[in-house]
Amino acid sequence: MTQEAVHTTPLQGTGRNFRSIMYDPKYRGIFFQILTLIVLVAVIWWIAHNTVQNLARSNTASGFAFLRGRAGFEIGQSLIGYSSDSTYGRALIVGILNTLLVAVTGIITATIIGFFVGIGRLSHNWLIAKLCTVYVEVFRNIPPLLVIFFWYSGVLAVLPQPKESLHLPLNMFLNNRGLAFPKPIFESGMWVVGVALVIGIIASVVTTRWAHRRQTATGQQFHTIWVSIALIVGLPVLAFLLSGIPLTFDVPVAGKFNLTGGSVVGPEFMSLFLALSFYTASFIAEIVRGGIRGVPKGQSEAAGALGMHPSGITRLVVVPQALRIIIPPLTSQYLNLTKNSSLAIAIGFSDLVAVGGTILNQTGQAIEVVLIWAIVYLTLSILTSIFMNWFNAKMALVER
């Protein structure tokens with residue numbers, strides 16, 4: 001009985017090896033990654049090549065040298081000094097600062113409103129619960145642009161003329177041109193107050209950490225709230241008094257036809273700030289309500305069995321645990337508010353998009369301006385996400 005040897009030609013062996021490589025998940029994954037990279041590079045090259053050709057055809061110079069040119073237009077509200085003789089670069093900085101102002105103030109206000117409305121929806125008081133529900137359902141189902149127009153055209157535009165301004169406390173005036181308030185004028189010794197505030201904040205953080213370590217080690221509590229208030233508020237006030245009260249105010253004065261002096265917050269900023277705050281707060285309220293619902297009911301029952309007051313149960317037991325559920329989705333709402341600030345162009349507020357649009361129309365540097373928009377918003381979103389992820393990690397339970 002003989003055995004016949006099976007002979008394999010080199011070509012057949014090569015084909016079998018090739019098929020085995022292609023069906024290997026490791027090599028197949030590498031192949032498709034390389035293919036994807038080649039396609040991506042080709043698309044980017046094609047876009048860049050067409051862009052360069054179109055710029056050359058239209059005789060448009062590329063680059064960011066235009067930022068040194070004279071702007072030639074005014075900006076209604078700016079946090080730094082600006083005039084029509086300033087450069088395009090400074091105008092963009094003004095737009096970025098205005099965007100940051102809307103984002104920061106809106107996030108703070110929306111968080112406060114949303115937190116209380118979210119808790120109010122769970123209230124045992126029928127009226128409070130229903131009012132909070134109506135608030136959430138109304139603002140959550142209206143486009144943000146419509147909310148902006150509501151505040152701008154339906155609320156602030158119907159306020160009285162400047163000569164008939166509403167006189168508010170603390171020498172403030174409200175009319176259809178905005179809110180006028182005393183302008184603080186800082187004198188030379190004011191830096192001492194700033195240093196005292198920084199020292200107070202650092203000392204408060206150190207005291208809080210010491211109290212936490214002490215309670216963990218001995219079980220003895222040390223209430224840091226009054227110490228923190230004394231350090232953060234009392235220390236700067238003491239420095240303010242000892243430095244000779246280096247602060248005066250330029251108070252607005254009602255004239256026959258207009259107001260003079262002080263500072264004015266225009267109706268454009270007020271409309272955008274109020275609209276984004278109330279709109280985003282409706283979503284935050286639902287996040288807060290869902291976070292509180294996510295805390296096991298047994299936690300509240302156990303705290304009640306120990307004799308704790310309902311307000312204490314909410315403040316000390318439920319809310320701290322709910323924060324671990326609330327914080328991750330809260331990040332998305334903060335990012336949405338920041339990006340929705342670009343709707344300011346609809347009412348003429350000089351944010352980054354509005355200022356950049358004016359520069360684009362004057363210079364024709366569309367690619368550069370759009371690139372600046374993208375970089376600024378991407379940077380703001382990344383920084384917000386980094387901070388919220390850090391805060392979420394600080395609030396997370398530490399596993400043993």
# chains A, B, ... in the order shown; residues from 1 in each chain; ligands from 1
>>> residues_around(residues="A:Gly262", least_positions_apart="5", cutoff="8 Å", atoms="only C-alpha atoms", output="list in words")
Ala180, Phe181, Pro182, Lys183, Phe249, Asp250, Val251, Pro252 and Val253 of chain A
>>> write_last_selection(atoms="N, CA and C atoms", output="compact mmCIF listing (two decimals), in the first residue's frame")
# COMPACT_ATOMS: atom_id res chain seq x y z
N ALA A 180 -29.12 100.60 33.19
CA ALA A 180 -28.04 101.51 33.60
C ALA A 180 -27.79 101.32 35.10
N PHE A 181 -26.52 101.23 35.47
CA PHE A 181 -26.16 101.00 36.87
C PHE A 181 -24.87 101.77 37.18
N PRO A 182 -24.58 102.01 38.46
CA PRO A 182 -23.35 102.74 38.81
C PRO A 182 -22.10 102.02 38.33
N LYS A 183 -21.18 102.78 37.78
CA LYS A 183 -19.93 102.22 37.27
C LYS A 183 -18.86 102.32 38.34
N PHE A 249 -17.98 105.41 42.74
CA PHE A 249 -18.94 105.01 41.72
C PHE A 249 -19.35 106.21 40.87
N ASP A 250 -19.42 105.96 39.58
CA ASP A 250 -19.98 106.94 38.64
C ASP A 250 -21.46 106.60 38.49
N VAL A 251 -22.32 107.35 39.15
CA VAL A 251 -23.74 107.04 39.24
C VAL A 251 -24.49 107.61 38.03
N PRO A 252 -25.34 106.83 37.38
CA PRO A 252 -26.14 107.37 36.27
C PRO A 252 -27.15 108.39 36.76
N VAL A 253 -27.34 109.43 35.97
CA VAL A 253 -28.25 110.52 36.33
C VAL A 253 -29.29 110.67 35.23
>>> select_by_dssp(residues="stretch 118-222 of chain A", states="helix (DSSP H, G or I)", output="tab-separated table (two decimals) with N, CA and C atoms, in the first residue's frame")
chain	number	residue	atom	x	y	z
A	118	GLY	N	-36.01	71.97	39.06
A	118	GLY	CA	-36.00	70.51	39.11
A	118	GLY	C	-36.46	69.97	40.44
A	119	ILE	N	-36.01	70.61	41.53
A	119	ILE	CA	-36.48	70.21	42.86
A	119	ILE	C	-37.96	70.56	43.02
A	120	GLY	N	-38.35	71.72	42.46
A	120	GLY	CA	-39.75	72.13	42.57
A	120	GLY	C	-40.71	71.17	41.90
A	126	TRP	N	-48.77	71.11	45.44
A	126	TRP	CA	-49.35	70.92	44.11
A	126	TRP	C	-49.09	72.11	43.21
A	127	LEU	N	-49.25	73.34	43.72
A	127	LEU	CA	-49.10	74.54	42.90
A	127	LEU	C	-47.66	74.70	42.42
A	128	ILE	N	-46.70	74.52	43.33
A	128	ILE	CA	-45.29	74.67	42.94
A	128	ILE	C	-44.91	73.61	41.90
A	129	ALA	N	-45.33	72.38	42.13
A	129	ALA	CA	-45.00	71.31	41.19
A	129	ALA	C	-45.58	71.58	39.80
A	130	LYS	N	-46.83	72.06	39.73
A	130	LYS	CA	-47.46	72.31	38.44
A	130	LYS	C	-46.84	73.52	37.73
A	131	LEU	N	-46.51	74.57	38.50
A	131	LEU	CA	-45.87	75.74	37.89
A	131	LEU	C	-44.51	75.37	37.30
A	132	CYS	N	-43.74	74.56	38.02
A	132	CYS	CA	-42.44	74.13	37.51
A	132	CYS	C	-42.61	73.24	36.28
A	133	THR	N	-43.63	72.41	36.27
A	133	THR	CA	-43.89	71.56	35.10
A	133	THR	C	-44.25	72.39	33.88
A	134	VAL	N	-45.10	73.38	34.07
A	134	VAL	CA	-45.47	74.27	32.95
A	134	VAL	C	-44.24	75.00	32.42
A	135	TYR	N	-43.40	75.49	33.33
A	135	TYR	CA	-42.18	76.19	32.91
A	135	TYR	C	-41.31	75.29	32.03
A	136	VAL	N	-41.08	74.06	32.50
A	136	VAL	CA	-40.22	73.14	31.76
A	136	VAL	C	-40.83	72.81	30.40
A	137	GLU	N	-42.11	72.49	30.36
A	137	GLU	CA	-42.74	72.07	29.11
A	137	GLU	C	-42.81	73.22	28.11
A	138	VAL	N	-42.96	74.45	28.59
A	138	VAL	CA	-43.04	75.59	27.67
A	138	VAL	C	-41.68	75.90	27.07
A	139	PHE	N	-40.68	76.12	27.90
A	139	PHE	CA	-39.38	76.54	27.38
A	139	PHE	C	-38.64	75.41	26.67
A	140	ARG	N	-38.86	74.18	27.08
A	140	ARG	CA	-38.15	73.07	26.47
A	140	ARG	C	-38.65	72.79	25.06
A	144	PRO	N	-34.75	78.03	20.69
A	144	PRO	CA	-34.06	79.10	21.43
A	144	PRO	C	-34.11	80.44	20.72
A	145	LEU	N	-34.11	80.43	19.38
A	145	LEU	CA	-34.18	81.70	18.65
A	145	LEU	C	-35.49	82.41	18.92
A	146	LEU	N	-36.58	81.65	19.03
A	146	LEU	CA	-37.88	82.25	19.34
A	146	LEU	C	-37.89	82.83	20.76
A	147	VAL	N	-37.23	82.16	21.68
A	147	VAL	CA	-37.14	82.67	23.05
A	147	VAL	C	-36.35	83.98	23.07
A	148	ILE	N	-35.30	84.06	22.26
A	148	ILE	CA	-34.51	85.29	22.18
A	148	ILE	C	-35.36	86.43	21.66
A	149	PHE	N	-36.13	86.19	20.59
A	149	PHE	CA	-37.00	87.23	20.05
A	149	PHE	C	-38.10	87.62	21.05
A	150	PHE	N	-38.56	86.66	21.83
A	150	PHE	CA	-39.57	86.96	22.84
A	150	PHE	C	-39.04	87.99	23.84
A	151	TRP	N	-37.84	87.77	24.36
A	151	TRP	CA	-37.28	88.71	25.32
A	151	TRP	C	-36.92	90.05	24.66
A	152	TYR	N	-36.42	89.98	23.43
A	152	TYR	CA	-35.95	91.21	22.77
A	152	TYR	C	-37.11	92.08	22.29
A	153	SER	N	-38.06	91.44	21.61
A	153	SER	CA	-39.16	92.22	21.02
A	153	SER	C	-40.41	92.26	21.89
A	154	GLY	N	-40.61	91.23	22.70
A	154	GLY	CA	-41.84	91.16	23.48
A	154	GLY	C	-41.74	91.66	24.89
A	155	VAL	N	-40.53	91.79	25.43
A	155	VAL	CA	-40.38	92.23	26.81
A	155	VAL	C	-39.59	93.53	26.89
A	156	LEU	N	-38.33	93.50	26.44
A	156	LEU	CA	-37.46	94.67	26.60
A	156	LEU	C	-37.84	95.82	25.68
A	157	ALA	N	-38.36	95.51	24.50
A	157	ALA	CA	-38.71	96.58	23.56
A	157	ALA	C	-39.90	97.40	24.01
A	158	VAL	N	-40.75	96.85	24.88
A	158	VAL	CA	-41.94	97.58	25.33
A	158	VAL	C	-41.67	98.36	26.62
A	162	PRO	N	-35.98	106.28	27.62
A	162	PRO	CA	-35.00	106.68	28.64
A	162	PRO	C	-35.46	107.80	29.56
A	163	LYS	N	-36.22	108.77	29.02
A	163	LYS	CA	-36.66	109.88	29.87
A	163	LYS	C	-37.73	109.45	30.88
A	164	GLU	N	-38.32	108.28	30.65
A	164	GLU	CA	-39.31	107.75	31.59
A	164	GLU	C	-38.82	106.43	32.21
A	190	MET	N	-6.79	99.34	45.46
A	190	MET	CA	-7.76	98.25	45.31
A	190	MET	C	-7.08	96.89	45.15
A	191	TRP	N	-5.81	96.89	44.76
A	191	TRP	CA	-5.13	95.61	44.58
A	191	TRP	C	-5.01	94.86	45.91
A	192	VAL	N	-4.98	95.59	47.02
A	192	VAL	CA	-4.89	94.94	48.32
A	192	VAL	C	-6.12	94.08	48.57
A	193	VAL	N	-7.28	94.56	48.15
A	193	VAL	CA	-8.51	93.80	48.32
A	193	VAL	C	-8.47	92.53	47.48
A	194	GLY	N	-7.96	92.62	46.26
A	194	GLY	CA	-7.84	91.44	45.42
A	194	GLY	C	-6.91	90.40	46.02
A	195	VAL	N	-5.80	90.83	46.58
A	195	VAL	CA	-4.87	89.90	47.23
A	195	VAL	C	-5.55	89.25	48.44
A	196	ALA	N	-6.29	90.05	49.22
A	196	ALA	CA	-6.98	89.51	50.39
A	196	ALA	C	-8.03	88.48	49.98
A	197	LEU	N	-8.70	88.71	48.85
A	197	LEU	CA	-9.70	87.74	48.36
A	197	LEU	C	-9.04	86.43	47.98
A	198	VAL	N	-7.91	86.50	47.28
A	198	VAL	CA	-7.19	85.27	46.89
A	198	VAL	C	-6.72	84.52	48.13
A	199	ILE	N	-6.17	85.25	49.10
A	199	ILE	CA	-5.72	84.60	50.34
A	199	ILE	C	-6.90	83.95	51.07
A	200	GLY	N	-8.04	84.65	51.09
A	200	GLY	CA	-9.22	84.10	51.75
A	200	GLY	C	-9.71	82.82	51.10
A	201	ILE	N	-9.70	82.78	49.77
A	201	ILE	CA	-10.14	81.57	49.06
A	201	ILE	C	-9.19	80.40	49.34
A	202	ILE	N	-7.89	80.66	49.27
A	202	ILE	CA	-6.91	79.60	49.54
A	202	ILE	C	-7.04	79.10	50.98
A	203	ALA	N	-7.17	80.03	51.93
A	203	ALA	CA	-7.30	79.63	53.34
A	203	ALA	C	-8.58	78.85	53.57
A	204	SER	N	-9.66	79.21	52.86
A	204	SER	CA	-10.92	78.49	53.00
A	204	SER	C	-10.79	77.06	52.48
A	205	VAL	N	-10.12	76.89	51.34
A	205	VAL	CA	-9.92	75.54	50.78
A	205	VAL	C	-9.07	74.69	51.72
A	206	VAL	N	-8.01	75.29	52.28
A	206	VAL	CA	-7.14	74.55	53.20
A	206	VAL	C	-7.92	74.15	54.45
A	207	THR	N	-8.74	75.06	54.97
A	207	THR	CA	-9.53	74.76	56.17
A	207	THR	C	-10.54	73.65	55.90
A	208	THR	N	-11.18	73.69	54.74
A	208	THR	CA	-12.17	72.66	54.40
A	208	THR	C	-11.51	71.28	54.30
A	209	ARG	N	-10.35	71.21	53.67
A	209	ARG	CA	-9.65	69.93	53.56
A	209	ARG	C	-9.20	69.42	54.93
A	210	TRP	N	-8.73	70.34	55.77
A	210	TRP	CA	-8.32	69.93	57.12
A	210	TRP	C	-9.52	69.39	57.90
A	211	ALA	N	-10.68	70.06	57.79
A	211	ALA	CA	-11.87	69.61	58.50
A	211	ALA	C	-12.32	68.24	58.00
A	212	HIS	N	-12.19	68.01	56.69
A	212	HIS	CA	-12.58	66.70	56.14
A	212	HIS	C	-11.66	65.60	56.66
A	213	ARG	N	-10.35	65.85	56.66
A	213	ARG	CA	-9.41	64.84	57.18
A	213	ARG	C	-9.63	64.59	58.66
A	214	ARG	N	-9.94	65.65	59.40
A	214	ARG	CA	-10.18	65.52	60.84
A	214	ARG	C	-11.42	64.68	61.10
A	215	GLN	N	-12.48	64.92	60.33
A	215	GLN	CA	-13.71	64.15	60.52
A	215	GLN	C	-13.50	62.68	60.14
A	216	THR	N	-12.72	62.44	59.07
A	216	THR	CA	-12.45	61.06	58.68
A	216	THR	C	-11.65	60.31	59.74
A	217	ALA	N	-10.72	61.02	60.38
A	217	ALA	CA	-9.85	60.36	61.36
A	217	ALA	C	-10.51	60.21	62.73
A	218	THR	N	-11.26	61.23	63.16
A	218	THR	CA	-11.79	61.23	64.53
A	218	THR	C	-13.30	61.16	64.60
>>> closest_residue(among="A:Leu276, A:Ile386, A:Leu92, A:Val227", to="A:Ile142", atoms="only C-alpha atoms")
A:Leu276
>>> residues_around(residues="A:Ile245", least_positions_apart="5", cutoff="12 Å", atoms="only C-alpha atoms", output="number ranges by chain")
A: 185-193, 236-240
>>> residues_around(residues="stretch 332-348 of chain A", least_positions_apart="3", cutoff="10 Å", atoms="only C-alpha atoms", output="PyMOL selection string")
chain A and resi 75-76+98-104+106-108+110-111+144-145+148-149+152-153+267-269+271-273+275-277+279-281+283-284+287+327-329+351-355+357+377-378+380-382+384-385+388
>>> select_by_dssp(residues="stretch 43-271 of chain A", states="strand (DSSP E or B)", output="JSON list (two decimals) with N, CA, C and O atoms, in the first residue's frame")
[["chain", "number", "residue", "atom", "x", "y", "z"],
["A", 70, "ARG", "N", -7.06, 98.04, 9.97],
["A", 70, "ARG", "CA", -8.02, 98.86, 10.71],
["A", 70, "ARG", "C", -9.42, 98.30, 10.54],
["A", 70, "ARG", "O", -9.86, 98.02, 9.42],
["A", 87, "THR", "N", -7.77, 97.37, 15.48],
["A", 87, "THR", "CA", -7.50, 96.38, 14.43],
["A", 87, "THR", "C", -8.60, 95.31, 14.40],
["A", 87, "THR", "O", -9.40, 95.17, 15.34],
["A", 166, "LEU", "N", -37.55, 103.35, 34.43],
["A", 166, "LEU", "CA", -37.96, 102.80, 35.72],
["A", 166, "LEU", "C", -36.80, 102.94, 36.70],
["A", 166, "LEU", "O", -35.70, 102.45, 36.44],
["A", 167, "HIS", "N", -37.05, 103.62, 37.80],
["A", 167, "HIS", "CA", -35.99, 103.84, 38.81],
["A", 167, "HIS", "C", -35.96, 102.65, 39.76],
["A", 167, "HIS", "O", -36.88, 102.43, 40.53],
["A", 168, "LEU", "N", -34.87, 101.89, 39.69],
["A", 168, "LEU", "CA", -34.70, 100.71, 40.52],
["A", 168, "LEU", "C", -33.82, 101.03, 41.72],
["A", 168, "LEU", "O", -33.16, 102.08, 41.75],
["A", 172, "MET", "N", -30.17, 102.36, 40.00],
["A", 172, "MET", "CA", -30.23, 101.70, 38.70],
["A", 172, "MET", "C", -31.49, 102.13, 37.96],
["A", 172, "MET", "O", -32.52, 102.43, 38.58],
["A", 173, "PHE", "N", -31.38, 102.16, 36.61],
["A", 173, "PHE", "CA", -32.49, 102.58, 35.77],
["A", 173, "PHE", "C", -32.69, 101.53, 34.67],
["A", 173, "PHE", "O", -31.72, 101.02, 34.10],
["A", 174, "LEU", "N", -33.96, 101.26, 34.37],
["A", 174, "LEU", "CA", -34.29, 100.28, 33.34],
["A", 174, "LEU", "C", -35.19, 100.93, 32.30],
["A", 174, "LEU", "O", -36.21, 101.55, 32.63],
["A", 175, "ASN", "N", -34.78, 100.82, 31.03],
["A", 175, "ASN", "CA", -35.58, 101.36, 29.93],
["A", 175, "ASN", "C", -35.35, 100.49, 28.70],
["A", 175, "ASN", "O", -34.67, 99.45, 28.77],
["A", 178, "GLY", "N", -31.77, 99.45, 27.76],
["A", 178, "GLY", "CA", -30.97, 98.57, 28.60],
["A", 178, "GLY", "C", -31.07, 98.94, 30.07],
["A", 178, "GLY", "O", -31.94, 99.71, 30.50],
["A", 179, "LEU", "N", -30.16, 98.37, 30.84],
["A", 179, "LEU", "CA", -30.10, 98.57, 32.29],
["A", 179, "LEU", "C", -28.89, 99.43, 32.61],
["A", 179, "LEU", "O", -27.74, 99.05, 32.33],
["A", 180, "ALA", "N", -29.12, 100.60, 33.19],
["A", 180, "ALA", "CA", -28.04, 101.51, 33.60],
["A", 180, "ALA", "C", -27.79, 101.32, 35.10],
["A", 180, "ALA", "O", -28.73, 101.27, 35.89],
["A", 181, "PHE", "N", -26.52, 101.23, 35.47],
["A", 181, "PHE", "CA", -26.16, 101.00, 36.87],
["A", 181, "PHE", "C", -24.87, 101.77, 37.18],
["A", 181, "PHE", "O", -24.12, 102.15, 36.25],
["A", 183, "LYS", "N", -21.18, 102.78, 37.78],
["A", 183, "LYS", "CA", -19.93, 102.22, 37.27],
["A", 183, "LYS", "C", -18.86, 102.32, 38.34],
["A", 183, "LYS", "O", -18.54, 103.41, 38.82],
["A", 184, "PRO", "N", -18.28, 101.19, 38.76],
["A", 184, "PRO", "CA", -17.24, 101.25, 39.78],
["A", 184, "PRO", "C", -15.94, 101.82, 39.23],
["A", 184, "PRO", "O", -15.54, 101.50, 38.10],
["A", 185, "ILE", "N", -15.30, 102.65, 40.01],
["A", 185, "ILE", "CA", -14.01, 103.24, 39.65],
["A", 185, "ILE", "C", -13.01, 102.82, 40.71],
["A", 185, "ILE", "O", -13.09, 103.26, 41.86],
["A", 186, "PHE", "N", -12.08, 101.96, 40.32],
["A", 186, "PHE", "CA", -11.10, 101.42, 41.27],
["A", 186, "PHE", "C", -9.90, 102.35, 41.38],
["A", 186, "PHE", "O", -9.34, 102.76, 40.36],
["A", 247, "LEU", "N", -12.54, 102.91, 46.42],
["A", 247, "LEU", "CA", -13.57, 102.63, 45.42],
["A", 247, "LEU", "C", -14.60, 103.74, 45.41],
["A", 247, "LEU", "O", -15.10, 104.15, 46.45],
["A", 248, "THR", "N", -14.88, 104.26, 44.22],
["A", 248, "THR", "CA", -15.95, 105.24, 44.04],
["A", 248, "THR", "C", -16.84, 104.76, 42.88],
["A", 248, "THR", "O", -16.48, 103.84, 42.14],
["A", 249, "PHE", "N", -17.98, 105.41, 42.74],
["A", 249, "PHE", "CA", -18.94, 105.01, 41.72],
["A", 249, "PHE", "C", -19.35, 106.21, 40.87],
["A", 249, "PHE", "O", -19.58, 107.31, 41.40],
["A", 250, "ASP", "N", -19.42, 105.96, 39.58],
["A", 250, "ASP", "CA", -19.98, 106.94, 38.64],
["A", 250, "ASP", "C", -21.46, 106.60, 38.49],
["A", 250, "ASP", "O", -21.83, 105.63, 37.81],
["A", 253, "VAL", "N", -27.34, 109.43, 35.97],
["A", 253, "VAL", "CA", -28.25, 110.52, 36.33],
["A", 253, "VAL", "C", -29.29, 110.67, 35.23],
["A", 253, "VAL", "O", -28.95, 110.70, 34.04],
["A", 254, "ALA", "N", -30.55, 110.71, 35.62],
["A", 254, "ALA", "CA", -31.64, 110.85, 34.66],
["A", 254, "ALA", "C", -31.73, 112.29, 34.20],
["A", 254, "ALA", "O", -31.93, 113.21, 35.00],
["A", 259, "LEU", "N", -30.07, 109.28, 29.89],
["A", 259, "LEU", "CA", -29.29, 109.07, 31.10],
["A", 259, "LEU", "C", -27.83, 109.39, 30.82],
["A", 259, "LEU", "O", -27.32, 109.11, 29.73],
["A", 260, "THR", "N", -27.17, 109.97, 31.80],
["A", 260, "THR", "CA", -25.75, 110.27, 31.67],
["A", 260, "THR", "C", -25.00, 109.60, 32.82],
["A", 260, "THR", "O", -25.50, 109.52, 33.94],
["A", 263, "SER", "N", -22.75, 102.84, 33.80],
["A", 263, "SER", "CA", -22.57, 101.83, 32.75],
["A", 263, "SER", "C", -23.94, 101.32, 32.32],
["A", 263, "SER", "O", -24.90, 101.35, 33.09],
["A", 264, "VAL", "N", -24.01, 100.86, 31.09],
["A", 264, "VAL", "CA", -25.28, 100.40, 30.53],
["A", 264, "VAL", "C", -25.09, 99.01, 29.92],
["A", 264, "VAL", "O", -24.14, 98.78, 29.16],
["A", 265, "VAL", "N", -25.96, 98.09, 30.30],
["A", 265, "VAL", "CA", -26.02, 96.78, 29.66],
["A", 265, "VAL", "C", -27.14, 96.84, 28.63],
["A", 265, "VAL", "O", -28.31, 97.05, 28.98]]
>>> atom_distance(atom1="atom CA of A:Ser350", atom2="atom CA of A:Ser78")
8.3 Å
>>> residues_around(residues="stretch 290-306 of chain A", least_positions_apart="6", cutoff="7 Å", atoms="only C-alpha atoms", output="PyMOL selection string")
chain A and resi 313+318-319+321-323+325-326
>>> write_last_selection(atoms="all heavy atoms", output="compact mmCIF listing (two decimals), in the first residue's frame")
# COMPACT_ATOMS: atom_id res chain seq x y z
N ILE A 313 -32.87 66.14 54.77
CA ILE A 313 -32.73 64.92 53.96
C ILE A 313 -32.39 65.29 52.52
O ILE A 313 -31.51 64.70 51.89
CB ILE A 313 -34.03 64.09 54.04
CG1 ILE A 313 -34.26 63.58 55.46
CG2 ILE A 313 -33.97 62.93 53.05
CD1 ILE A 313 -35.58 62.86 55.63
N VAL A 318 -30.00 63.36 49.76
CA VAL A 318 -30.45 63.11 48.39
C VAL A 318 -29.59 63.85 47.36
O VAL A 318 -29.06 63.24 46.41
CB VAL A 318 -31.93 63.50 48.24
CG1 VAL A 318 -32.37 63.31 46.79
CG2 VAL A 318 -32.79 62.66 49.17
N VAL A 319 -29.43 65.17 47.53
CA VAL A 319 -28.72 65.98 46.53
C VAL A 319 -27.27 65.54 46.34
O VAL A 319 -26.80 65.42 45.20
CB VAL A 319 -28.83 67.47 46.88
CG1 VAL A 319 -27.94 68.30 45.96
CG2 VAL A 319 -30.28 67.94 46.77
N GLN A 321 -25.93 62.65 46.57
CA GLN A 321 -25.90 61.42 45.77
C GLN A 321 -26.42 61.66 44.35
O GLN A 321 -25.94 61.05 43.40
CB GLN A 321 -26.75 60.34 46.45
CG GLN A 321 -26.22 59.91 47.82
CD GLN A 321 -27.03 58.78 48.41
OE1 GLN A 321 -26.99 57.66 47.95
NE2 GLN A 321 -27.78 59.10 49.47
N ALA A 322 -27.38 62.57 44.22
CA ALA A 322 -27.92 62.86 42.89
C ALA A 322 -26.90 63.57 42.00
O ALA A 322 -26.95 63.43 40.77
CB ALA A 322 -29.19 63.72 43.02
N LEU A 323 -25.98 64.31 42.61
CA LEU A 323 -24.98 65.03 41.81
C LEU A 323 -24.16 64.08 40.96
O LEU A 323 -23.74 64.46 39.85
CB LEU A 323 -24.06 65.84 42.73
CG LEU A 323 -24.62 67.15 43.28
CD1 LEU A 323 -23.63 67.80 44.23
CD2 LEU A 323 -24.95 68.11 42.14
N ILE A 325 -25.16 61.61 39.41
CA ILE A 325 -25.95 61.29 38.23
C ILE A 325 -26.15 62.53 37.36
O ILE A 325 -26.23 62.43 36.13
CB ILE A 325 -27.32 60.71 38.65
CG1 ILE A 325 -27.14 59.52 39.59
CG2 ILE A 325 -28.15 60.31 37.44
CD1 ILE A 325 -28.44 58.98 40.16
N ILE A 326 -26.20 63.69 37.99
CA ILE A 326 -26.53 64.93 37.29
C ILE A 326 -25.36 65.46 36.47
O ILE A 326 -25.55 65.95 35.35
CB ILE A 326 -27.00 65.99 38.31
CG1 ILE A 326 -28.33 65.58 38.93
CG2 ILE A 326 -27.11 67.36 37.66
CD1 ILE A 326 -28.74 66.45 40.10
>>> atom_distance(atom1="atom CA of A:Tyr88", atom2="atom CA of A:Ala71")
4.9 Å
>>> decode(residues="stretch 316-338 of chain A", atoms="C-alpha atoms", output="PDB file, in the first residue's frame")
ATOM      1  CA  LEU A 316     -27.526  66.312  53.035  1.00  0.00           C
ATOM      2  CA  VAL A 317     -28.620  62.914  51.726  1.00  0.00           C
ATOM      3  CA  VAL A 318     -30.445  63.109  48.388  1.00  0.00           C
ATOM      4  CA  VAL A 319     -28.723  65.977  46.527  1.00  0.00           C
ATOM      5  CA  PRO A 320     -25.102  64.862  47.183  1.00  0.00           C
ATOM      6  CA  GLN A 321     -25.905  61.419  45.772  1.00  0.00           C
ATOM      7  CA  ALA A 322     -27.923  62.860  42.888  1.00  0.00           C
ATOM      8  CA  LEU A 323     -24.982  65.032  41.815  1.00  0.00           C
ATOM      9  CA  ARG A 324     -23.117  61.934  40.676  1.00  0.00           C
ATOM     10  CA  ILE A 325     -25.951  61.290  38.234  1.00  0.00           C
ATOM     11  CA  ILE A 326     -26.535  64.926  37.289  1.00  0.00           C
ATOM     12  CA  ILE A 327     -23.015  66.086  36.410  1.00  0.00           C
ATOM     13  CA  PRO A 328     -22.290  64.014  33.226  1.00  0.00           C
ATOM     14  CA  PRO A 329     -25.409  65.098  31.247  1.00  0.00           C
ATOM     15  CA  LEU A 330     -25.015  68.617  32.638  1.00  0.00           C
ATOM     16  CA  THR A 331     -21.846  68.995  30.564  1.00  0.00           C
ATOM     17  CA  SER A 332     -23.830  68.687  27.336  1.00  0.00           C
ATOM     18  CA  GLN A 333     -26.179  71.488  28.371  1.00  0.00           C
ATOM     19  CA  TYR A 334     -23.255  73.786  29.161  1.00  0.00           C
ATOM     20  CA  LEU A 335     -21.776  73.085  25.745  1.00  0.00           C
ATOM     21  CA  ASN A 336     -25.152  73.699  24.068  1.00  0.00           C
ATOM     22  CA  LEU A 337     -25.541  77.055  25.828  1.00  0.00           C
ATOM     23  CA  THR A 338     -22.067  78.135  24.736  1.00  0.00           C
TER      24      THR A 338
END
